[in-house]
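Novice: One structure follows; several queries about it will come next.
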Amino acid sequence: MSTTAGQVIKCKAAVAWEPGKPLVIEEVEVAPPQKMEVRLKILFTSLCHTDVYFWEAKAQDSVFPRILGHEAAGIVESVGEGVTELVPGDHVLPVFTGECGDCAHCKSEESNMCSLLRINTERGVMINDEKTRFSINGKPIYHFVGTSTFSEYTVIHVGCVAKINPLAPLDKVCVLSCGISTGLGATLNVAKPTKGSSVAVFGLGRWPWSKKFGVTEFLNPKDYNKPVQEVIAEMTDGGVDRSIECTGNINAMISAFECVHDGWGVAVLVGVPHKDAVFKTHPMKFLNERTLKGTFFGDYKPRSDLPSVVEMYMKKELELEKFITHEVPFAEINKAFELMLKGEGLRCIIRME
């Protein structure tokens, strides 16, 4: 049993007090986990564009003050009432979505969109009692997507915590709790390209880095005086076999769908669009047997499937190191934001200690 179990923990957290302003390292109080909750000691976290998106709060509603962060790895410090799947000391990945195990989605082999724990970007409190577990001088500091990993300690619903191989290096596998798993699953679980398939990925943006991952052609839509889907169709004798859209830009989504080959082409949408965006295309695109699919977290069920993704890395089937371009100490977390805003990195690991 942890010596801090059942007690309030005082620790450092990076608090976003208002939109677009630098995070401030503050001493916060983290309450003990309640029913079906666990308290984690975060060892490594990384910055995802989703954090920046809601920090800027330009297009979506956002609550402040709050503790951002959702891509991370840590160790269970203590567990609340009813938690039997995890014990203090377990190595885990917190996830922005969950798996309660009881709802229709969790019982279905075809869905990972848990009715209880599905991502909710507007909720800043815990489900159990609609209160926060973070506070400063008695004033609540709100949560972010149920994880809030920009804190040395955080409290998360047990259904949003995946237990992983204790031998896995947490400073590497932390990036699997969001972005990489989303893209990997969108490809392997949803697009399902076969060997030799042509695949167009929308949203890479950086030719030198994309070459490292096997990209053979790089197109900038601004270089052409016709829609990029027409350019791709001409290059590939009618269209690619599969396409994956990762930006959330509605025009890129339409291009991704319209660039796949008729008869068998499949387009997969990964990016999250603006709340007012509307997808427009001609119905004949569908009648000519093109398929459009959406995916959420790569169709992975967090608790059931993430451990096996970690094992892929352990077996050297995933090269996570290629994605990690920077590393900063927790005190310099704002530098990670600067790097992402300048487009100078892929993933920046933030060391909590």
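So you can find residues: chains in the structure tokens are A, B, ... in the order shown, residues in each start at 1, and ligands are numbered from 1 in order.
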So that I can see what lies close to region 143-156 of chain A, please list as a PyMOL selection string the residues with an atom at most 7 Å from it, counting only C-alpha atoms and leaving out residues fewer than 2 positions away in the same chain.

Specialist: chain A and resi 11-14+30+33+37-42+45+66-70+72+94-96+119-121+124-125+132-133+141+158+160+352

Novice: Kindly export the residues of the current selection with N, CA, C and O atoms, as a short mmCIF file (atom, residue, chain, number, x, y, z; two decimals), in the first residue's frame.

Specialist:
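Saved file selection-v7.cif follows:
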data_model
loop_
_atom_site.label_atom_id
_atom_site.label_comp_id
_atom_site.auth_asym_id
_atom_site.auth_seq_id
_atom_site.Cartn_x
_atom_site.Cartn_y
_atom_site.Cartn_z
N CYS A 11 1.57 18.51 -5.32
CA CYS A 11 2.58 18.29 -6.36
C CYS A 11 2.55 19.45 -7.35
O CYS A 11 1.72 20.35 -7.25
N LYS A 12 3.45 19.39 -8.32
CA LYS A 12 3.51 20.42 -9.36
C LYS A 12 2.62 20.03 -10.55
O LYS A 12 2.55 18.87 -10.94
N ALA A 13 1.98 21.03 -11.11
CA ALA A 13 1.17 20.84 -12.31
C ALA A 13 1.30 22.09 -13.18
O ALA A 13 1.51 23.19 -12.67
N ALA A 14 1.19 21.89 -14.48
CA ALA A 14 1.22 23.02 -15.42
C ALA A 14 -0.23 23.44 -15.68
O ALA A 14 -0.98 22.72 -16.34
N VAL A 30 -3.99 17.24 -5.09
CA VAL A 30 -4.65 16.17 -5.84
C VAL A 30 -5.34 15.25 -4.85
O VAL A 30 -4.68 14.57 -4.04
N PRO A 33 -8.28 9.05 -5.08
CA PRO A 33 -9.25 8.52 -6.04
C PRO A 33 -10.52 8.06 -5.34
O PRO A 33 -10.48 7.50 -4.25
N GLU A 37 -11.91 4.90 -9.54
CA GLU A 37 -10.86 5.82 -10.00
C GLU A 37 -9.49 5.35 -9.53
O GLU A 37 -9.38 4.61 -8.54
N VAL A 38 -8.46 5.78 -10.22
CA VAL A 38 -7.08 5.49 -9.81
C VAL A 38 -6.28 6.79 -9.82
O VAL A 38 -6.58 7.70 -10.60
N ARG A 39 -5.31 6.87 -8.94
CA ARG A 39 -4.41 8.03 -8.95
C ARG A 39 -3.07 7.56 -9.50
O ARG A 39 -2.50 6.57 -9.03
N LEU A 40 -2.59 8.28 -10.50
CA LEU A 40 -1.34 7.90 -11.17
C LEU A 40 -0.24 8.90 -10.88
O LEU A 40 -0.48 10.10 -10.77
N LYS A 41 0.97 8.38 -10.82
CA LYS A 41 2.16 9.22 -10.82
C LYS A 41 2.64 9.25 -12.27
O LYS A 41 3.05 8.22 -12.82
N ILE A 42 2.54 10.41 -12.89
CA ILE A 42 2.94 10.55 -14.29
C ILE A 42 4.46 10.72 -14.36
O ILE A 42 5.03 11.58 -13.70
N THR A 45 5.13 12.55 -20.21
CA THR A 45 3.97 12.94 -21.00
C THR A 45 4.49 13.59 -22.27
O THR A 45 5.67 13.94 -22.36
N ARG A 66 -7.59 24.93 -16.26
CA ARG A 66 -7.58 23.47 -16.37
C ARG A 66 -6.16 22.96 -16.55
O ARG A 66 -5.25 23.72 -16.89
N ILE A 67 -6.02 21.66 -16.34
CA ILE A 67 -4.73 20.99 -16.54
C ILE A 67 -4.87 20.13 -17.78
O ILE A 67 -5.67 19.18 -17.80
N LEU A 68 -4.15 20.49 -18.83
CA LEU A 68 -4.20 19.77 -20.09
C LEU A 68 -3.33 18.51 -20.03
O LEU A 68 -2.82 18.14 -18.98
N GLY A 69 -3.16 17.88 -21.17
CA GLY A 69 -2.31 16.69 -21.27
C GLY A 69 -3.11 15.40 -21.30
O GLY A 69 -4.02 15.21 -20.48
N HIS A 70 -2.78 14.52 -22.26
CA HIS A 70 -3.50 13.24 -22.33
C HIS A 70 -2.65 12.11 -22.92
O HIS A 70 -3.07 10.97 -22.90
N ALA A 72 0.53 10.05 -22.26
CA ALA A 72 1.46 9.92 -21.14
C ALA A 72 1.64 8.47 -20.72
O ALA A 72 0.99 7.55 -21.23
N PRO A 94 -2.49 6.19 -19.53
CA PRO A 94 -3.82 6.81 -19.43
C PRO A 94 -4.31 7.12 -20.84
O PRO A 94 -3.52 7.43 -21.72
N VAL A 95 -5.62 7.03 -21.04
CA VAL A 95 -6.17 7.23 -22.39
C VAL A 95 -7.36 8.19 -22.31
O VAL A 95 -8.17 8.13 -21.39
N PHE A 96 -7.48 9.06 -23.33
CA PHE A 96 -8.52 10.09 -23.35
C PHE A 96 -9.92 9.53 -23.56
O PHE A 96 -10.92 10.24 -23.41
N ILE A 119 -14.71 10.07 -25.16
CA ILE A 119 -14.11 11.39 -24.96
C ILE A 119 -15.16 12.48 -24.87
O ILE A 119 -16.13 12.52 -25.63
N ASN A 120 -14.96 13.37 -23.90
CA ASN A 120 -15.83 14.53 -23.73
C ASN A 120 -14.91 15.71 -23.43
O ASN A 120 -14.39 15.84 -22.33
N THR A 121 -14.72 16.56 -24.43
CA THR A 121 -13.75 17.66 -24.28
C THR A 121 -14.28 18.79 -23.41
O THR A 121 -13.51 19.63 -22.95
N GLY A 124 -15.11 18.95 -17.39
CA GLY A 124 -13.90 19.27 -16.63
C GLY A 124 -13.90 18.66 -15.25
O GLY A 124 -13.07 19.02 -14.40
N VAL A 125 -14.84 17.71 -15.02
CA VAL A 125 -14.96 17.08 -13.70
C VAL A 125 -15.00 15.57 -13.85
O VAL A 125 -15.10 15.04 -14.95
N THR A 132 -13.99 18.10 -9.26
CA THR A 132 -12.60 17.95 -9.70
C THR A 132 -11.79 17.28 -8.59
O THR A 132 -12.18 17.30 -7.42
N ARG A 133 -10.68 16.70 -8.97
CA ARG A 133 -9.74 16.16 -7.98
C ARG A 133 -8.56 17.11 -7.80
O ARG A 133 -7.71 16.87 -6.95
N ILE A 141 -9.52 23.23 -10.03
CA ILE A 141 -8.83 23.32 -11.30
C ILE A 141 -9.40 22.18 -12.15
O ILE A 141 -9.43 21.03 -11.71
N VAL A 158 -10.87 4.28 -13.89
CA VAL A 158 -10.12 3.04 -14.14
C VAL A 158 -10.32 2.54 -15.57
O VAL A 158 -9.43 1.91 -16.16
N CYS A 160 -10.21 4.17 -18.18
CA CYS A 160 -9.37 4.94 -19.10
C CYS A 160 -7.88 4.70 -18.84
O CYS A 160 -7.04 5.53 -19.19
N MET A 352 8.79 14.37 -16.30
CA MET A 352 8.15 14.94 -15.12
C MET A 352 9.12 15.06 -13.94
O MET A 352 8.87 15.82 -13.01
#

Novice: What lies within 6 Å of His105 (chain A) using only C-alpha atoms, ignoring chain neighbours under 6 positions off, as a list in words?

Specialist: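 Counting only C-alpha atoms, the residues come to Ser111, Met113 and Cys114 of chain A.
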
Novice: When you count only C-alpha atoms, which of these residues is closest to Arg118 (chain A): A:Phe297, A:Leu167, A:Pro227, A:Gly20?

Specialist: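 Among the listed residues, A:Phe297 lies closest to Arg118 (chain A).
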
Novice: So which residues touch region 269-278 of chain A within 9 Å, counting only C-alpha atoms, skipping near sequence neighbours fewer than 3 positions away, as a PyMOL selection string?

Specialist: chain A and resi 59-60+182-183+186+243-250+253+256-257+292-298

Novice: Near Leu23 (chain A), counting only C-alpha atoms, which residues have an atom at most 7 Å away, once you skip same-chain residues fewer than 4 positions from it, shown as a count of residues only?

Specialist: 4

Novice: Provide the CA of Leu318 (chain A) to CA of Gly101 (chain A) distance in Å, to one decimal place.

Specialist: 27.8 Å

Novice: Using only C-alpha atoms for the distances, tell me which of A:Pro169, A:Gly6, A:Ala336, A:Gln229 is nearest to Glu311 (chain A).

Specialist: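 Among A:Pro169, A:Gly6, A:Ala336, A:Gln229, it is A:Pro169 that comes nearest to Glu311 (chain A).
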
Novice: Tell me which of A:Lys211, A:Lys58, A:His326, A:Arg303 sits closest to Ala162 (chain A), counting only C-alpha atoms.

Specialist: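 Using only C-alpha atoms, Ala162 (chain A) sits closest to A:Arg303.
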
Novice: Could you check the closest approach to Lys192 (chain A) for each of A:Cys259, A:Ala252, A:Leu306, A:Val266 and tell me which residue wins, using only C-alpha atoms?

Specialist: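 Smallest distance to Lys192 (chain A) is found for A:Val266.
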
Novice: Would you compute the distance between CA of Asn251 (chain A) and CA of Gly263 (chain A)? Give it in Å to one decimal.

Specialist: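 Atom-to-atom, CA of Asn251 (chain A) and CA of Gly263 (chain A) are spaced 22.7 Å apart.
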
Novice: From region 84-123 of chain A, collect each residue whose DSSP state is strand (DSSP E or B) and return the set as a PyMOL selection string.

Specialist: chain A and resi 91-94

Novice: Quick one, how far is CA of Gly343 (chain A) from CA of Leu170 (chain A)?

Specialist: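 Interatomic distance, CA of Gly343 (chain A) to CA of Leu170 (chain A): 24.7 Å.
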
Novice: Find, counting only C-alpha atoms, the residue in A:Glu217, A:Pro140, A:Cys174, A:Glu338 that gets nearest to Trp17 (chain A).

Specialist: A:Pro140

Novice: Nearest to Ala233 (chain A): which of A:Thr50, A:Ser255, A:Ser108, A:Asn220 is it, counting only C-alpha atoms?

Specialist: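 Of A:Thr50, A:Ser255, A:Ser108, A:Asn220, the one nearest Ala233 (chain A) is A:Ser255, counting only C-alpha atoms.
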
Novice: Quick check for you: according to DSSP on this backbone, which residues of region 207-301 of chain A are classed as helix (DSSP H, G or I)? Reply as a VMD selection string.

Specialist: chain A and resid 207 to 212 221 to 223 228 to 235 250 to 258 284 to 287 297 to 299
